[in-house]
>>> print(open('entry25.cif').read())   # mmCIF, C-alpha atoms and all ligand atoms
data_work
loop_
_atom_site.group_PDB
_atom_site.id
_atom_site.type_symbol
_atom_site.label_atom_id
_atom_site.label_comp_id
_atom_site.auth_asym_id
_atom_site.auth_seq_id
_atom_site.Cartn_x
_atom_site.Cartn_y
_atom_site.Cartn_z
ATOM 1 C CA MET A 1 -54.544 -65.328 -28.811
ATOM 2 C CA ARG A 2 -56.106 -68.520 -30.163
ATOM 3 C CA LYS A 3 -55.831 -70.457 -26.929
ATOM 4 C CA LYS A 4 -56.968 -67.701 -24.583
ATOM 5 C CA TYR A 5 -59.465 -65.836 -26.778
ATOM 6 C CA GLY A 6 -60.351 -68.283 -29.533
ATOM 7 C CA ALA A 7 -59.106 -65.880 -32.206
ATOM 8 C CA SER A 8 -58.624 -67.310 -35.675
ATOM 9 C CA TRP A 9 -57.703 -64.306 -37.863
ATOM 10 C CA ALA A 10 -55.451 -61.306 -37.228
ATOM 11 C CA LEU A 11 -54.538 -58.221 -39.248
ATOM 12 C CA VAL A 12 -51.192 -56.477 -38.787
ATOM 13 C CA THR A 13 -50.284 -53.198 -40.480
ATOM 14 C CA GLY A 14 -46.649 -52.513 -41.245
ATOM 15 C CA SER A 15 -45.925 -56.233 -41.291
ATOM 16 C CA SER A 16 -43.366 -56.340 -44.091
ATOM 17 C CA SER A 17 -40.499 -55.727 -41.672
ATOM 18 C CA GLY A 18 -39.481 -55.003 -38.114
ATOM 19 C CA ILE A 19 -41.906 -55.225 -35.222
ATOM 20 C CA GLY A 20 -44.964 -55.814 -37.436
ATOM 21 C CA LYS A 21 -43.382 -58.776 -39.199
ATOM 22 C CA GLU A 22 -42.438 -60.317 -35.857
ATOM 23 C CA LEU A 23 -45.947 -59.715 -34.523
ATOM 24 C CA ALA A 24 -47.284 -61.599 -37.546
ATOM 25 C CA ARG A 25 -44.779 -64.421 -36.988
ATOM 26 C CA THR A 26 -45.845 -64.709 -33.348
ATOM 27 C CA LEU A 27 -49.541 -64.804 -34.248
ATOM 28 C CA LEU A 28 -48.938 -67.469 -36.900
ATOM 29 C CA GLY A 29 -47.000 -69.441 -34.303
ATOM 30 C CA GLN A 30 -50.039 -69.238 -32.037
ATOM 31 C CA GLY A 31 -52.161 -70.810 -34.779
ATOM 32 C CA LEU A 32 -53.856 -67.711 -36.202
ATOM 33 C CA ASP A 33 -54.165 -66.885 -39.893
ATOM 34 C CA VAL A 34 -52.843 -63.424 -40.678
ATOM 35 C CA ILE A 35 -53.541 -60.562 -43.083
ATOM 36 C CA LEU A 36 -50.362 -58.575 -43.700
ATOM 37 C CA VAL A 37 -50.666 -54.895 -44.667
ATOM 38 C CA ALA A 38 -47.793 -52.754 -45.968
ATOM 39 C CA ARG A 39 -46.767 -50.700 -48.971
ATOM 40 C CA LYS A 40 -45.871 -52.305 -52.267
ATOM 41 C CA GLU A 41 -42.171 -52.986 -51.772
ATOM 42 C CA PRO A 42 -40.040 -55.981 -52.840
ATOM 43 C CA LEU A 43 -39.374 -56.817 -49.203
ATOM 44 C CA PHE A 44 -43.115 -57.269 -48.645
ATOM 45 C CA ASP A 45 -43.221 -60.184 -51.113
ATOM 46 C CA ALA A 46 -40.163 -61.678 -49.433
ATOM 47 C CA ALA A 47 -41.730 -61.311 -45.988
ATOM 48 C CA ARG A 48 -44.949 -63.049 -47.074
ATOM 49 C CA ARG A 49 -42.978 -65.887 -48.683
ATOM 50 C CA GLU A 50 -40.825 -66.279 -45.573
ATOM 51 C CA LEU A 51 -43.808 -66.435 -43.209
ATOM 52 C CA ALA A 52 -45.806 -68.739 -45.488
ATOM 53 C CA ALA A 53 -42.832 -71.106 -45.749
ATOM 54 C CA GLN A 54 -42.358 -71.121 -41.978
ATOM 55 C CA PHE A 55 -46.060 -71.772 -41.334
ATOM 56 C CA PRO A 56 -47.298 -73.871 -44.303
ATOM 57 C CA ARG A 57 -50.555 -74.817 -42.558
ATOM 58 C CA ARG A 58 -51.555 -71.209 -41.952
ATOM 59 C CA SER A 59 -53.064 -68.654 -44.365
ATOM 60 C CA VAL A 60 -50.941 -65.575 -44.976
ATOM 61 C CA VAL A 61 -52.802 -62.910 -46.969
ATOM 62 C CA GLN A 62 -50.887 -59.954 -48.391
ATOM 63 C CA VAL A 63 -52.543 -56.542 -48.866
ATOM 64 C CA GLU A 64 -50.630 -53.702 -50.479
ATOM 65 C CA ALA A 65 -51.772 -50.398 -49.014
ATOM 66 C CA ASN A 66 -50.099 -47.035 -48.543
ATOM 67 C CA LEU A 67 -51.701 -45.874 -45.319
ATOM 68 C CA SER A 68 -50.206 -42.401 -45.803
ATOM 69 C CA ASP A 69 -52.618 -41.793 -48.671
ATOM 70 C CA ALA A 70 -55.077 -39.423 -47.035
ATOM 71 C CA SER A 71 -57.736 -40.252 -49.636
ATOM 72 C CA GLY A 72 -58.226 -43.576 -47.907
ATOM 73 C CA ALA A 73 -58.204 -45.353 -51.267
ATOM 74 C CA TRP A 74 -56.343 -48.232 -49.627
ATOM 75 C CA MET A 75 -59.382 -49.231 -47.573
ATOM 76 C CA ALA A 76 -61.007 -51.006 -50.513
ATOM 77 C CA ALA A 77 -58.120 -53.464 -50.752
ATOM 78 C CA ILE A 78 -58.277 -54.157 -47.019
ATOM 79 C CA GLU A 79 -62.039 -54.640 -47.116
ATOM 80 C CA ALA A 80 -61.668 -57.035 -50.036
ATOM 81 C CA ALA A 81 -59.029 -59.052 -48.183
ATOM 82 C CA VAL A 82 -61.033 -59.218 -44.974
ATOM 83 C CA GLY A 83 -64.292 -60.134 -46.693
ATOM 84 C CA GLU A 84 -66.218 -62.574 -44.498
ATOM 85 C CA LYS A 85 -63.170 -63.495 -42.418
ATOM 86 C CA ASP A 86 -63.708 -63.190 -38.678
ATOM 87 C CA VAL A 87 -60.800 -60.865 -37.832
ATOM 88 C CA GLN A 88 -60.694 -60.490 -34.050
ATOM 89 C CA VAL A 89 -57.129 -59.249 -33.602
ATOM 90 C CA VAL A 90 -55.778 -56.027 -35.153
ATOM 91 C CA PHE A 91 -52.332 -54.525 -34.615
ATOM 92 C CA LEU A 92 -52.055 -50.990 -36.042
ATOM 93 C CA ASN A 93 -48.283 -50.992 -36.067
ATOM 94 C CA ALA A 94 -47.386 -49.230 -39.341
ATOM 95 C CA GLY A 95 -45.498 -46.053 -38.785
ATOM 96 C CA PHE A 96 -42.397 -44.083 -39.520
ATOM 97 C CA ILE A 97 -39.920 -41.822 -37.844
ATOM 98 C CA LEU A 98 -38.329 -38.796 -39.518
ATOM 99 C CA THR A 99 -34.791 -38.249 -38.359
ATOM 100 C CA GLY A 100 -32.916 -34.955 -38.339
ATOM 101 C CA MET A 101 -34.073 -31.456 -37.522
ATOM 102 C CA PHE A 102 -37.634 -30.422 -38.333
ATOM 103 C CA GLU A 103 -36.614 -27.993 -41.071
ATOM 104 C CA GLN A 104 -34.395 -30.569 -42.760
ATOM 105 C CA ASN A 105 -37.387 -32.604 -43.947
ATOM 106 C CA ALA A 106 -39.879 -31.578 -46.629
ATOM 107 C CA VAL A 107 -43.299 -30.493 -45.426
ATOM 108 C CA GLN A 108 -44.791 -33.354 -47.446
ATOM 109 C CA ALA A 109 -42.686 -35.784 -45.451
ATOM 110 C CA HIS A 110 -44.031 -34.388 -42.182
ATOM 111 C CA LEU A 111 -47.609 -34.491 -43.431
ATOM 112 C CA SER A 112 -47.784 -37.851 -45.151
ATOM 113 C CA GLY A 113 -44.915 -40.004 -44.013
ATOM 114 C CA VAL A 114 -43.351 -40.112 -47.458
ATOM 115 C CA SER A 115 -39.607 -40.028 -46.929
ATOM 116 C CA ALA A 116 -37.904 -36.941 -48.342
HETATM 117 N N1 LIG B 1 -38.079 -49.912 -33.360
HETATM 118 C C1 LIG B 1 -38.218 -49.106 -32.312
HETATM 119 O O1 LIG B 1 -37.333 -48.974 -31.440
HETATM 120 C C2 LIG B 1 -39.493 -48.303 -32.130
HETATM 121 C C3 LIG B 1 -39.617 -47.495 -30.995
HETATM 122 C C4 LIG B 1 -40.800 -46.773 -30.798
HETATM 123 C C5 LIG B 1 -41.824 -46.855 -31.727
HETATM 124 N N2 LIG B 1 -41.676 -47.631 -32.838
HETATM 125 C C6 LIG B 1 -42.772 -47.675 -33.775
HETATM 126 O O2 LIG B 1 -43.191 -49.024 -33.969
HETATM 127 C C7 LIG B 1 -43.612 -49.196 -35.320
HETATM 128 C C8 LIG B 1 -42.796 -50.278 -36.012
HETATM 129 O O3 LIG B 1 -41.413 -49.942 -35.907
HETATM 130 P P1 LIG B 1 -40.297 -50.782 -36.655
HETATM 131 O O4 LIG B 1 -39.010 -50.468 -36.023
HETATM 132 O O5 LIG B 1 -40.731 -52.211 -36.730
HETATM 133 O O6 LIG B 1 -40.336 -50.082 -38.089
HETATM 134 P P2 LIG B 1 -40.003 -50.664 -39.564
HETATM 135 O O7 LIG B 1 -39.077 -51.828 -39.493
HETATM 136 O O8 LIG B 1 -39.613 -49.464 -40.361
HETATM 137 O O9 LIG B 1 -41.396 -51.199 -40.042
HETATM 138 C C9 LIG B 1 -42.431 -50.304 -40.343
HETATM 139 C C10 LIG B 1 -43.491 -51.070 -41.115
HETATM 140 O O10 LIG B 1 -44.536 -50.161 -41.456
HETATM 141 C C11 LIG B 1 -44.711 -50.188 -42.872
HETATM 142 N N3 LIG B 1 -45.123 -48.891 -43.339
HETATM 143 C C12 LIG B 1 -44.442 -47.724 -43.213
HETATM 144 N N4 LIG B 1 -45.132 -46.720 -43.791
HETATM 145 C C13 LIG B 1 -46.275 -47.277 -44.285
HETATM 146 C C14 LIG B 1 -47.378 -46.766 -45.002
HETATM 147 N N5 LIG B 1 -47.460 -45.476 -45.337
HETATM 148 N N6 LIG B 1 -48.378 -47.605 -45.364
HETATM 149 C C15 LIG B 1 -48.312 -48.921 -45.043
HETATM 150 N N7 LIG B 1 -47.295 -49.467 -44.365
HETATM 151 C C16 LIG B 1 -46.277 -48.657 -43.990
HETATM 152 C C17 LIG B 1 -43.350 -50.613 -43.408
HETATM 153 O O11 LIG B 1 -43.445 -51.206 -44.685
HETATM 154 P P3 LIG B 1 -43.152 -50.387 -46.038
HETATM 155 O O12 LIG B 1 -42.250 -49.245 -45.694
HETATM 156 O O13 LIG B 1 -42.550 -51.351 -46.983
HETATM 157 O O14 LIG B 1 -44.525 -49.984 -46.452
HETATM 158 C C18 LIG B 1 -42.944 -51.660 -42.396
HETATM 159 O O15 LIG B 1 -43.594 -52.881 -42.661
HETATM 160 C C19 LIG B 1 -43.469 -47.835 -36.003
HETATM 161 O O16 LIG B 1 -44.708 -47.170 -35.894
HETATM 162 C C20 LIG B 1 -42.408 -47.164 -35.163
HETATM 163 O O17 LIG B 1 -42.525 -45.760 -35.260
HETATM 164 C C21 LIG B 1 -40.535 -48.352 -33.045
#
>>> encode(input="entry25.cif", output="structure tokens", more="lines below")
Ligand SMILES: NC(=O)c1ccc[n+]([C@@H]2O[C@H](COP(=O)([O-])OP(=O)(O)OC[C@H]3O[C@@H](n4cnc5c(N)ncnc54)[C@H](OP(=O)(O)O)[C@@H]3O)[C@@H](O)[C@H]2O)c1
Amino acid sequence: MRKKYGASWALVTGSSSGIGKELARTLLGQGLDVILVARKEPLFDAARRELAAQFPRRSVVQVEANLSDASGAWMAAIEAAVGEKDVQVVFLNAGFILTGMFEQNAVQAHLSGVSA
């Protein structure tokens, strides 16, 4: 992304684990600085520390945001983190899957992504 498009900053949602974390690792490896977005969970701190330790010359910014909050209150934290940074690459990866039969999960879980 840096070599081909000259990108310097990326933002990845759902980057505390799984595919999002590996996307962030790949971008850091390509020489981009990265804004990580995920919910406030202990594993998020660990993920940021791990990536920052692996790429000490890169900036790794951590933004705690519950994207399931329909009020959109989380946007302020993202805006504050982005600030004047030139973010050219965005991966909207955060998501969830409910397992089991439809009726076995609470309606709130279907609507907001909060696990039952
Ligand atoms: N793995 C697969 O085979 C597969 C297949 C098809 C599609 N997908 C999709 O690809 C995406 C990533 O999958 P994955 O396997 O890497 O999942 P994962 O390991 O569960 O990671 C999901 C990430 O999203 C974050 N997240 C979840 N709910 C959030 C919320 N409300 N607000 C902010 N962040 C939230 C999680 O962090 P916290 O929970 O700590 O916030 C985590 O960082 C998902 O959308 C998934 O549905 C995956």
>>> residues_near_ligand(input="entry25.cif", ligand="ligand LIG 1 (chain B)", cutoff="12 Å", atoms="only C-alpha atoms and all ligand atoms", output="number ranges by chain")
A: 12-24, 36-48, 62-70, 72-75, 78, 91-99, 109, 111-115
>>> atom_distance(input="entry25.cif", atom1="atom CA of Gln54 of chain A", atom2="atom CA of Gly6 of chain A")
22.1 Å
>>> resolve_selection(input="entry25.cif", expression="the PyMOL selection byres (((chain A and resi 60) around 6) and not hetatm)", output="ChimeraX atom specification")
/A:34-35,59,61
>>> atom_distance(input="entry25.cif", atom1="atom CA of Tyr5 of chain A", atom2="atom CA of Glu50 of chain A")
26.5 Å
>>> axis_aligned_box(input="entry25.cif", around="segment 49-66 of chain A", padding_each_side="5 Å", output="lines of an AutoDock Vina configuration file")
center_x = -46.9
center_y = -60.9
center_z = -45.9
size_x = 22.2
size_y = 37.8
size_z = 19.1
>>> closest_residue(input="entry25.cif", among="A:Arg25, A:Ser8, A:Asn105, A:Phe55", to="Val87 of chain A", atoms="all atoms listed in the file")
A:Ser8
>>> atom_distance(input="entry25.cif", atom1="atom CA of Ala10 of chain A", atom2="atom CA of Ala53 of chain A")
18.1 Å
>>> decode(input="entry25.cif", residues="segment 65-98 of chain A", atoms="N, CA, C and O atoms", output="PDB file, in the first residue's frame")
ATOM      1  N   ALA A  65     -13.884   1.506  20.654  1.00  0.00           N
ATOM      2  CA  ALA A  65     -15.177   1.915  20.119  1.00  0.00           C
ATOM      3  C   ALA A  65     -16.063   0.692  19.943  1.00  0.00           C
ATOM      4  O   ALA A  65     -15.642  -0.289  19.318  1.00  0.00           O
ATOM      5  N   ASN A  66     -17.263   0.759  20.492  1.00  0.00           N
ATOM      6  CA  ASN A  66     -18.238  -0.307  20.275  1.00  0.00           C
ATOM      7  C   ASN A  66     -19.116   0.084  19.095  1.00  0.00           C
ATOM      8  O   ASN A  66     -20.059   0.861  19.231  1.00  0.00           O
ATOM      9  N   LEU A  67     -18.804  -0.461  17.940  1.00  0.00           N
ATOM     10  CA  LEU A  67     -19.488  -0.071  16.712  1.00  0.00           C
ATOM     11  C   LEU A  67     -20.935  -0.546  16.674  1.00  0.00           C
ATOM     12  O   LEU A  67     -21.695  -0.155  15.781  1.00  0.00           O
ATOM     13  N   SER A  68     -21.321  -1.387  17.630  1.00  0.00           N
ATOM     14  CA  SER A  68     -22.722  -1.825  17.708  1.00  0.00           C
ATOM     15  C   SER A  68     -23.612  -0.778  18.356  1.00  0.00           C
ATOM     16  O   SER A  68     -24.833  -0.916  18.334  1.00  0.00           O
ATOM     17  N   ASP A  69     -23.022   0.231  18.942  1.00  0.00           N
ATOM     18  CA  ASP A  69     -23.793   1.285  19.604  1.00  0.00           C
ATOM     19  C   ASP A  69     -24.430   2.173  18.527  1.00  0.00           C
ATOM     20  O   ASP A  69     -23.758   2.980  17.886  1.00  0.00           O
ATOM     21  N   ALA A  70     -25.732   1.982  18.356  1.00  0.00           N
ATOM     22  CA  ALA A  70     -26.427   2.668  17.262  1.00  0.00           C
ATOM     23  C   ALA A  70     -26.459   4.183  17.430  1.00  0.00           C
ATOM     24  O   ALA A  70     -26.757   4.907  16.475  1.00  0.00           O
ATOM     25  N   SER A  71     -26.115   4.678  18.613  1.00  0.00           N
ATOM     26  CA  SER A  71     -26.103   6.136  18.807  1.00  0.00           C
ATOM     27  C   SER A  71     -24.953   6.786  18.035  1.00  0.00           C
ATOM     28  O   SER A  71     -24.967   7.994  17.796  1.00  0.00           O
ATOM     29  N   GLY A  72     -23.966   5.965  17.694  1.00  0.00           N
ATOM     30  CA  GLY A  72     -22.818   6.516  16.978  1.00  0.00           C
ATOM     31  C   GLY A  72     -21.873   7.301  17.866  1.00  0.00           C
ATOM     32  O   GLY A  72     -20.997   8.017  17.380  1.00  0.00           O
ATOM     33  N   ALA A  73     -22.025   7.129  19.183  1.00  0.00           N
ATOM     34  CA  ALA A  73     -21.196   7.888  20.130  1.00  0.00           C
ATOM     35  C   ALA A  73     -19.704   7.602  19.949  1.00  0.00           C
ATOM     36  O   ALA A  73     -18.859   8.428  20.306  1.00  0.00           O
ATOM     37  N   TRP A  74     -19.405   6.449  19.369  1.00  0.00           N
ATOM     38  CA  TRP A  74     -18.011   6.044  19.181  1.00  0.00           C
ATOM     39  C   TRP A  74     -17.272   6.898  18.139  1.00  0.00           C
ATOM     40  O   TRP A  74     -16.052   6.931  18.093  1.00  0.00           O
ATOM     41  N   MET A  75     -18.031   7.586  17.296  1.00  0.00           N
ATOM     42  CA  MET A  75     -17.384   8.336  16.213  1.00  0.00           C
ATOM     43  C   MET A  75     -16.457   9.432  16.735  1.00  0.00           C
ATOM     44  O   MET A  75     -15.420   9.735  16.126  1.00  0.00           O
ATOM     45  N   ALA A  76     -16.813  10.012  17.872  1.00  0.00           N
ATOM     46  CA  ALA A  76     -15.987  11.099  18.416  1.00  0.00           C
ATOM     47  C   ALA A  76     -14.575  10.609  18.712  1.00  0.00           C
ATOM     48  O   ALA A  76     -13.591  11.314  18.443  1.00  0.00           O
ATOM     49  N   ALA A  77     -14.470   9.406  19.256  1.00  0.00           N
ATOM     50  CA  ALA A  77     -13.145   8.864  19.586  1.00  0.00           C
ATOM     51  C   ALA A  77     -12.342   8.603  18.304  1.00  0.00           C
ATOM     52  O   ALA A  77     -11.129   8.838  18.257  1.00  0.00           O
ATOM     53  N   ILE A  78     -13.034   8.127  17.274  1.00  0.00           N
ATOM     54  CA  ILE A  78     -12.330   7.868  16.010  1.00  0.00           C
ATOM     55  C   ILE A  78     -11.887   9.183  15.372  1.00  0.00           C
ATOM     56  O   ILE A  78     -10.750   9.302  14.890  1.00  0.00           O
ATOM     57  N   GLU A  79     -12.770  10.165  15.389  1.00  0.00           N
ATOM     58  CA  GLU A  79     -12.407  11.473  14.830  1.00  0.00           C
ATOM     59  C   GLU A  79     -11.210  12.071  15.560  1.00  0.00           C
ATOM     60  O   GLU A  79     -10.295  12.630  14.937  1.00  0.00           O
ATOM     61  N   ALA A  80     -11.209  11.922  16.882  1.00  0.00           N
ATOM     62  CA  ALA A  80     -10.105  12.466  17.678  1.00  0.00           C
ATOM     63  C   ALA A  80      -8.792  11.767  17.330  1.00  0.00           C
ATOM     64  O   ALA A  80      -7.736  12.401  17.248  1.00  0.00           O
ATOM     65  N   ALA A  81      -8.869  10.457  17.120  1.00  0.00           N
ATOM     66  CA  ALA A  81      -7.649   9.698  16.800  1.00  0.00           C
ATOM     67  C   ALA A  81      -7.140  10.038  15.406  1.00  0.00           C
ATOM     68  O   ALA A  81      -5.932  10.136  15.176  1.00  0.00           O
ATOM     69  N   VAL A  82      -8.061  10.213  14.479  1.00  0.00           N
ATOM     70  CA  VAL A  82      -7.647  10.514  13.101  1.00  0.00           C
ATOM     71  C   VAL A  82      -7.079  11.932  13.010  1.00  0.00           C
ATOM     72  O   VAL A  82      -6.007  12.145  12.440  1.00  0.00           O
ATOM     73  N   GLY A  83      -7.785  12.884  13.613  1.00  0.00           N
ATOM     74  CA  GLY A  83      -7.288  14.259  13.614  1.00  0.00           C
ATOM     75  C   GLY A  83      -6.846  14.717  12.234  1.00  0.00           C
ATOM     76  O   GLY A  83      -7.598  14.594  11.267  1.00  0.00           O
ATOM     77  N   GLU A  84      -5.612  15.202  12.150  1.00  0.00           N
ATOM     78  CA  GLU A  84      -5.068  15.686  10.872  1.00  0.00           C
ATOM     79  C   GLU A  84      -4.321  14.600  10.104  1.00  0.00           C
ATOM     80  O   GLU A  84      -3.736  14.881   9.049  1.00  0.00           O
ATOM     81  N   LYS A  85      -4.357  13.373  10.619  1.00  0.00           N
ATOM     82  CA  LYS A  85      -3.628  12.295   9.929  1.00  0.00           C
ATOM     83  C   LYS A  85      -4.250  12.046   8.553  1.00  0.00           C
ATOM     84  O   LYS A  85      -5.468  12.075   8.403  1.00  0.00           O
ATOM     85  N   ASP A  86      -3.394  11.755   7.589  1.00  0.00           N
ATOM     86  CA  ASP A  86      -3.855  11.499   6.231  1.00  0.00           C
ATOM     87  C   ASP A  86      -4.126  10.001   6.093  1.00  0.00           C
ATOM     88  O   ASP A  86      -3.258   9.236   5.682  1.00  0.00           O
ATOM     89  N   VAL A  87      -5.337   9.581   6.456  1.00  0.00           N
ATOM     90  CA  VAL A  87      -5.694   8.159   6.438  1.00  0.00           C
ATOM     91  C   VAL A  87      -6.259   7.808   5.055  1.00  0.00           C
ATOM     92  O   VAL A  87      -7.355   8.213   4.699  1.00  0.00           O
ATOM     93  N   GLN A  88      -5.472   7.071   4.289  1.00  0.00           N
ATOM     94  CA  GLN A  88      -5.894   6.740   2.916  1.00  0.00           C
ATOM     95  C   GLN A  88      -6.445   5.333   2.786  1.00  0.00           C
ATOM     96  O   GLN A  88      -7.041   4.999   1.763  1.00  0.00           O
ATOM     97  N   VAL A  89      -6.199   4.498   3.795  1.00  0.00           N
ATOM     98  CA  VAL A  89      -6.582   3.086   3.708  1.00  0.00           C
ATOM     99  C   VAL A  89      -7.488   2.741   4.881  1.00  0.00           C
ATOM    100  O   VAL A  89      -7.113   2.963   6.033  1.00  0.00           O
ATOM    101  N   VAL A  90      -8.692   2.220   4.592  1.00  0.00           N
ATOM    102  CA  VAL A  90      -9.633   1.860   5.657  1.00  0.00           C
ATOM    103  C   VAL A  90     -10.150   0.446   5.397  1.00  0.00           C
ATOM    104  O   VAL A  90     -10.652   0.158   4.305  1.00  0.00           O
ATOM    105  N   PHE A  91     -10.007  -0.414   6.390  1.00  0.00           N
ATOM    106  CA  PHE A  91     -10.592  -1.753   6.327  1.00  0.00           C
ATOM    107  C   PHE A  91     -11.708  -1.835   7.359  1.00  0.00           C
ATOM    108  O   PHE A  91     -11.449  -1.774   8.563  1.00  0.00           O
ATOM    109  N   LEU A  92     -12.956  -1.939   6.896  1.00  0.00           N
ATOM    110  CA  LEU A  92     -14.104  -2.068   7.802  1.00  0.00           C
ATOM    111  C   LEU A  92     -14.360  -3.557   8.012  1.00  0.00           C
ATOM    112  O   LEU A  92     -15.225  -4.160   7.383  1.00  0.00           O
ATOM    113  N   ASN A  93     -13.576  -4.120   8.907  1.00  0.00           N
ATOM    114  CA  ASN A  93     -13.552  -5.569   9.095  1.00  0.00           C
ATOM    115  C   ASN A  93     -14.354  -6.038  10.303  1.00  0.00           C
ATOM    116  O   ASN A  93     -14.728  -7.199  10.374  1.00  0.00           O
ATOM    117  N   ALA A  94     -14.634  -5.144  11.265  1.00  0.00           N
ATOM    118  CA  ALA A  94     -15.296  -5.576  12.499  1.00  0.00           C
ATOM    119  C   ALA A  94     -16.620  -6.243  12.189  1.00  0.00           C
ATOM    120  O   ALA A  94     -17.391  -5.776  11.353  1.00  0.00           O
ATOM    121  N   GLY A  95     -16.867  -7.317  12.856  1.00  0.00           N
ATOM    122  CA  GLY A  95     -18.138  -7.998  12.645  1.00  0.00           C
ATOM    123  C   GLY A  95     -18.287  -9.152  13.603  1.00  0.00           C
ATOM    124  O   GLY A  95     -17.402  -9.429  14.412  1.00  0.00           O
ATOM    125  N   PHE A  96     -19.410  -9.811  13.511  1.00  0.00           N
ATOM    126  CA  PHE A  96     -19.663 -10.935  14.402  1.00  0.00           C
ATOM    127  C   PHE A  96     -20.585 -11.918  13.702  1.00  0.00           C
ATOM    128  O   PHE A  96     -21.271 -11.578  12.730  1.00  0.00           O
ATOM    129  N   ILE A  97     -20.562 -13.118  14.196  1.00  0.00           N
ATOM    130  CA  ILE A  97     -21.467 -14.141  13.682  1.00  0.00           C
ATOM    131  C   ILE A  97     -22.193 -14.751  14.861  1.00  0.00           C
ATOM    132  O   ILE A  97     -21.558 -15.143  15.851  1.00  0.00           O
ATOM    133  N   LEU A  98     -23.522 -14.824  14.797  1.00  0.00           N
ATOM    134  CA  LEU A  98     -24.294 -15.520  15.827  1.00  0.00           C
ATOM    135  C   LEU A  98     -24.450 -16.963  15.379  1.00  0.00           C
ATOM    136  O   LEU A  98     -24.871 -17.224  14.258  1.00  0.00           O
TER     137      LEU A  98
END
